[in-house]
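**Student:** See input.cif below, with mmCIF, C-alpha atoms.
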data_work
#
loop_
_atom_site.label_atom_id
_atom_site.label_comp_id
_atom_site.auth_asym_id
_atom_site.auth_seq_id
_atom_site.Cartn_x
_atom_site.Cartn_y
_atom_site.Cartn_z
CA MET A 1 18.46 -13.23 -14.65
CA THR A 2 15.56 -15.36 -13.46
CA VAL A 3 12.76 -13.10 -14.67
CA SER A 4 9.71 -14.96 -15.98
CA ARG A 5 9.43 -13.33 -19.40
CA LYS A 6 6.64 -15.76 -20.27
CA LEU A 7 4.53 -14.49 -17.37
CA ILE A 8 5.08 -10.85 -18.28
CA THR A 9 4.42 -11.41 -21.99
CA ALA A 10 1.24 -13.40 -21.30
CA LEU A 11 0.04 -10.78 -18.83
CA ARG A 12 0.54 -7.94 -21.29
CA HIS A 13 -1.25 -9.90 -24.01
CA GLU A 14 -4.27 -10.41 -21.74
CA LEU A 15 -4.31 -6.78 -20.63
CA GLN A 16 -4.10 -5.50 -24.20
CA SER A 17 -7.05 -7.70 -25.19
CA GLN A 18 -9.18 -6.08 -22.47
CA ALA A 19 -8.14 -2.46 -23.10
CA ASN A 20 -10.89 0.14 -22.92
CA PRO A 21 -9.72 3.54 -24.24
CA GLU A 22 -12.63 5.43 -22.68
CA LEU A 23 -12.01 4.01 -19.21
CA ALA A 24 -8.29 4.49 -19.73
CA ALA A 25 -8.64 8.21 -20.39
CA ARG A 26 -10.84 8.72 -17.32
CA GLY A 27 -8.57 6.62 -15.15
CA GLN A 28 -5.42 8.42 -16.24
CA ALA A 29 -6.99 11.76 -15.36
CA TYR A 30 -8.23 10.45 -12.00
CA VAL A 31 -4.86 9.16 -10.78
CA LYS A 32 -2.92 11.89 -12.62
CA SER A 33 -0.71 9.24 -14.18
CA ALA A 34 2.20 9.95 -16.50
CA LEU A 35 1.92 6.34 -17.65
CA PRO A 36 -1.02 5.50 -19.92
CA LEU A 37 -3.67 3.05 -18.71
CA TYR A 38 -5.25 0.04 -20.40
CA GLY A 39 -8.58 0.99 -18.84
CA ILE A 40 -9.33 -2.24 -16.93
CA LYS A 41 -11.48 -2.28 -13.81
CA ALA A 42 -9.95 -3.53 -10.57
CA LYS A 43 -11.94 -6.77 -10.32
CA ALA A 44 -11.16 -7.78 -13.90
CA LEU A 45 -7.50 -6.96 -13.34
CA ARG A 46 -7.34 -9.21 -10.28
CA THR A 47 -9.03 -12.05 -12.17
CA THR A 48 -6.59 -11.71 -15.07
CA CYS A 49 -3.61 -11.68 -12.74
CA LYS A 50 -4.84 -14.78 -10.93
CA ALA A 51 -5.20 -16.73 -14.17
CA VAL A 52 -1.78 -15.73 -15.56
CA PHE A 53 0.02 -16.29 -12.25
CA GLN A 54 -1.53 -19.75 -12.03
CA THR A 55 -0.36 -20.62 -15.54
CA PHE A 56 3.21 -19.42 -15.02
CA PRO A 57 4.36 -20.39 -11.50
CA LEU A 58 7.57 -18.96 -10.07
CA ASN A 59 10.03 -21.44 -8.63
CA ASP A 60 11.87 -19.62 -5.86
CA PHE A 61 12.39 -16.29 -4.13
CA ALA A 62 14.79 -14.92 -6.75
CA HIS A 63 12.44 -15.92 -9.58
CA TRP A 64 9.53 -14.18 -7.83
CA GLN A 65 11.43 -11.05 -6.75
CA GLU A 66 13.07 -10.41 -10.09
CA THR A 67 9.80 -10.93 -11.94
CA VAL A 68 8.05 -8.43 -9.66
CA SER A 69 10.91 -5.97 -10.20
CA ALA A 70 10.90 -6.40 -13.98
CA LEU A 71 7.14 -5.97 -14.16
CA TRP A 72 7.30 -2.86 -11.97
CA ARG A 73 10.32 -1.18 -13.53
CA GLY A 74 9.40 -2.06 -17.10
CA ALA A 75 5.73 -1.10 -16.79
CA ARG A 76 4.39 0.42 -20.02
CA PHE A 77 0.93 0.97 -18.57
CA ARG A 78 -0.08 1.78 -15.00
CA GLU A 79 -2.03 -1.43 -14.56
CA GLU A 80 1.21 -3.38 -14.99
CA ARG A 81 2.41 -1.85 -11.74
CA HIS A 82 -0.82 -2.92 -10.10
CA CYS A 83 -0.13 -6.41 -11.44
CA ALA A 84 3.29 -6.34 -9.78
CA ILE A 85 1.54 -5.52 -6.50
CA HIS A 86 -0.91 -8.38 -7.04
CA LEU A 87 2.05 -10.71 -7.61
CA CYS A 88 3.39 -9.58 -4.23
CA ASP A 89 0.00 -10.38 -2.69
CA GLU A 90 -0.29 -13.82 -4.28
CA ARG A 91 -0.95 -16.26 -1.44
CA LYS A 92 1.16 -19.10 -2.81
CA TYR A 93 4.21 -16.85 -2.54
CA SER A 94 3.58 -15.86 1.07
CA CYS A 95 6.64 -17.88 2.05
CA PHE A 96 8.73 -15.25 0.27
CA GLN A 97 7.39 -12.50 2.51
CA THR A 98 10.40 -11.92 4.75
CA LEU A 99 12.47 -8.90 5.66
CA ASP A 100 14.42 -9.57 2.45
CA THR A 101 11.47 -8.08 0.55
CA LEU A 102 11.77 -4.67 2.24
CA PRO A 103 14.19 -3.14 -0.31
CA LEU A 104 11.76 -4.14 -3.06
CA TYR A 105 8.77 -2.60 -1.28
CA GLU A 106 10.73 0.52 -0.42
CA GLU A 107 11.61 0.96 -4.09
CA MET A 108 7.99 0.45 -5.13
CA ILE A 109 6.76 2.99 -2.58
CA VAL A 110 9.33 5.64 -3.48
CA THR A 111 9.02 5.24 -7.26
CA GLY A 112 5.26 4.63 -7.20
CA ALA A 113 4.79 7.88 -5.28
CA TRP A 114 1.00 7.99 -5.49
CA TRP A 115 -1.83 6.72 -3.32
CA ASP A 116 -3.17 4.00 -5.66
CA LEU A 117 0.22 2.27 -5.69
CA VAL A 118 1.57 3.04 -2.23
CA ASP A 119 -1.52 2.32 -0.12
CA PRO A 120 -2.00 -1.36 -1.04
CA ILE A 121 1.68 -2.05 -0.37
CA ALA A 122 1.41 -0.39 3.04
CA ALA A 123 -1.92 -1.91 4.01
CA HIS A 124 -1.10 -5.46 2.90
CA ARG A 125 2.60 -6.11 2.54
CA LEU A 126 3.99 -3.91 5.32
CA ARG A 127 1.18 -5.00 7.64
CA TYR A 128 2.03 -8.64 6.97
CA LEU A 129 5.72 -8.12 7.62
CA LEU A 130 4.90 -6.21 10.80
CA SER A 131 2.82 -9.14 12.05
CA ARG A 132 5.67 -11.57 11.36
CA PHE A 133 8.65 -9.47 12.38
CA PRO A 134 7.34 -6.87 14.85
CA LYS A 135 10.64 -5.87 16.44
CA GLN A 136 12.48 -5.29 13.19
CA MET A 137 9.52 -3.68 11.44
CA ASN A 138 8.89 -1.31 14.34
CA THR A 139 12.40 0.06 13.83
CA VAL A 140 11.95 0.34 10.06
CA LEU A 141 8.54 2.02 10.24
CA LEU A 142 9.70 4.53 12.83
CA GLN A 143 12.64 5.41 10.59
CA TRP A 144 10.30 5.79 7.62
CA SER A 145 7.98 8.02 9.66
CA HIS A 146 10.81 10.59 9.83
CA SER A 147 11.77 10.24 6.15
CA ASN A 148 12.00 13.18 3.78
CA ASP A 149 9.95 11.04 1.40
CA VAL A 150 6.22 11.73 1.85
CA TRP A 151 5.22 8.29 0.60
CA LYS A 152 7.43 6.38 3.03
CA ARG A 153 5.86 8.44 5.81
CA ARG A 154 2.38 7.68 4.51
CA ALA A 155 3.19 3.99 4.22
CA ALA A 156 4.39 3.89 7.84
CA ILE A 157 1.19 5.58 9.04
CA LEU A 158 -1.04 3.18 7.09
CA SER A 159 0.86 -0.01 7.85
CA GLN A 160 -1.57 -1.19 10.56
CA LEU A 161 -4.89 -0.75 8.78
CA ARG A 162 -7.50 -3.37 9.79
CA LEU A 163 -5.43 -4.80 12.61
CA LYS A 164 -8.15 -3.79 15.11
CA ASP A 165 -7.26 -5.10 18.59
CA LYS A 166 -3.86 -6.26 17.30
CA THR A 167 -2.86 -2.67 16.51
CA ASN A 168 0.30 -1.49 18.24
CA LEU A 169 -1.15 1.83 19.33
CA ASP A 170 2.16 3.20 20.55
CA LEU A 171 3.71 2.48 17.15
CA LEU A 172 0.75 4.06 15.34
CA TYR A 173 0.99 7.27 17.36
CA ARG A 174 4.76 7.41 17.01
CA CYS A 175 4.46 7.01 13.22
CA ILE A 176 1.87 9.80 13.14
CA GLU A 177 3.77 12.19 15.42
CA PRO A 178 6.43 13.44 12.93
CA SER A 179 3.71 14.37 10.40
CA LEU A 180 1.20 16.06 12.70
CA ASP A 181 2.50 19.52 11.85
CA SER A 182 2.96 18.84 8.15
CA GLY A 183 0.77 20.69 5.69
CA GLU A 184 1.05 17.82 3.20
CA PHE A 185 -2.43 16.68 2.15
CA PHE A 186 -1.51 13.02 1.67
CA LEU A 187 -0.02 12.83 5.16
CA GLN A 188 -2.97 14.57 6.81
CA LYS A 189 -5.37 12.30 4.95
CA ALA A 190 -3.38 9.21 6.00
CA ILE A 191 -3.40 10.29 9.65
CA GLY A 192 -7.18 10.70 9.58
CA TRP A 193 -7.66 7.39 7.80
CA ALA A 194 -5.44 5.45 10.22
CA LEU A 195 -7.20 6.97 13.25
CA ARG A 196 -10.65 6.34 11.76
CA ASP A 197 -9.72 2.73 11.07
CA TYR A 198 -8.74 2.17 14.70
CA ALA A 199 -11.88 3.98 15.87
CA TRP A 200 -13.95 1.06 14.59
CA HIS A 201 -12.28 -0.95 17.36
CA ASP A 202 -12.03 1.72 20.09
CA SER A 203 -13.82 4.98 19.34
CA ARG A 204 -13.27 6.36 22.85
CA GLU A 205 -9.51 6.17 22.43
CA ILE A 206 -9.62 8.12 19.17
CA VAL A 207 -11.91 10.76 20.69
CA ARG A 208 -9.40 11.06 23.55
CA TYR A 209 -6.46 11.29 21.12
CA ALA A 210 -8.20 13.95 19.00
CA ALA A 211 -8.94 16.04 22.09
CA ALA A 212 -5.40 15.68 23.41
CA HIS A 213 -3.97 16.82 20.07
CA LYS A 214 -6.58 19.40 19.14
CA ASN A 215 -3.94 22.09 18.64
CA ARG A 216 -1.87 19.97 16.25
CA LEU A 217 -4.34 17.70 14.50
CA SER A 218 -5.36 19.31 11.20
CA LYS A 219 -9.03 19.89 10.41
CA LEU A 220 -8.77 17.29 7.67
CA SER A 221 -7.22 14.65 9.95
CA ARG A 222 -9.70 15.35 12.72
CA ARG A 223 -12.69 15.21 10.38
CA GLU A 224 -11.53 11.91 8.89
CA ALA A 225 -10.67 10.41 12.28
CA LEU A 226 -14.07 11.19 13.83
CA LYS A 227 -16.19 10.68 10.72
CA ASN A 228 -17.95 7.54 11.91
CA ILE A 229 -18.14 8.38 15.61
CA THR A 230 -21.56 9.63 16.70
CA ASP A 231 -20.72 10.37 20.34
CA LYS A 232 -17.87 12.87 20.15
#
Mind turning this structure into structure tokens?
**Tutor:**
Amino acid sequence: MTVSRKLITALRHELQSQANPELAARGQAYVKSALPLYGIKAKALRTTCKAVFQTFPLNDFAHWQETVSALWRGARFREERHCAIHLCDERKYSCFQTLDTLPLYEEMIVTGAWWDLVDPIAAHRLRYLLSRFPKQMNTVLLQWSHSNDVWKRRAAILSQLRLKDKTNLDLLYRCIEPSLDSGEFFLQKAIGWALRDYAWHDSREIVRYAAAHKNRLSKLSRREALKNITDK
């Protein structure tokens, strides 16, 4: 094993020192978490992660991957899973972001199974892999869009957030298509969010898409998609 136990131990020590029971109780109710929370705000959590990651560098891909996995799987508090995601986002480890990371991200999405954990993986890590390996990732994301797992579907739909003019519109629509008729709230919300995000770049196209799919697009998805468009 090449897990950095020192990193994980130091991280937990720092998180425990910042614990806020009142915020923890509110946060646990908000995200409906089975895991308890430390009660640390997002900005403070990022700052803490940065400092610990800087102090305990990881030497190679295996060292990084196994540390992320250990932190994720062994999480005692929900924020520790967010720390695992931050470790994935750490810029100095961007060289490790290859297709070899996909099994790790798939595991995190399936076992995380909630928006606060799945969405940042989709919007950052899957988007990055898509930009680097478009052909292979297109195939993966289209497979995920047909998955029986709601969160893999949601991740596929949200994988191009903030790409603007670099968005592969055909891929976006093909990832949305299998979920158009689903009554699942988290899929309908994701569809609306993804369409609204692209509307910042090309509102006319999203108005056209909404009109063309008016019989299949849910009220929630349509409302979210057109939220910021004044000329509908």
**Student:** Find, counting only C-alpha atoms, the residue in A:Ala156, A:Ala199, A:Leu11, A:Val207 that gets nearest to A:Ser179.
**Tutor:**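 Result for the nearest residue to A:Ser179: A:Ala156.
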**Student:** Could you tell me which of A:Trp151, A:Leu220, A:Ala212, A:Asp165 comes closest to A:Gly183 if we count all atoms listed in the file?
**Tutor:** A:Leu220
**Student:** Any idea what's packed within 8 Å of A:Leu161, counting all atoms listed in the file, ignoring anything in its chain fewer than 6 positions away? Could you give it as a PyMOL selection string?
**Tutor:** chain A and resi 123+127+194+197-198
**Student:** Residue by residue, what does the PyMOL selection byres ((chain A and resi 130-145) around 10) grab here? Present the result as a ChimeraX atom specification.
**Tutor:** /A:97-99,102,106,124-129,146-157,159-160,163,166-168,171-172,174-179
**Student:** Would you translate the PyMOL selection byres ((chain A and resi 87) around 10) into the concrete set of residues it matches in this file, as number ranges by chain?
**Tutor:** A: 46, 49-50, 53, 64-65, 67-68, 71, 81-86, 88-93
**Student:** Just to confirm, what's the straight-line distance from atom CA of A:Ser203 to atom CA of A:Ile229 in Å (one decimal)?
**Tutor:**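 Atom CA of A:Ile229 lies at a distance of 6.6 Å from atom CA of A:Ser203.
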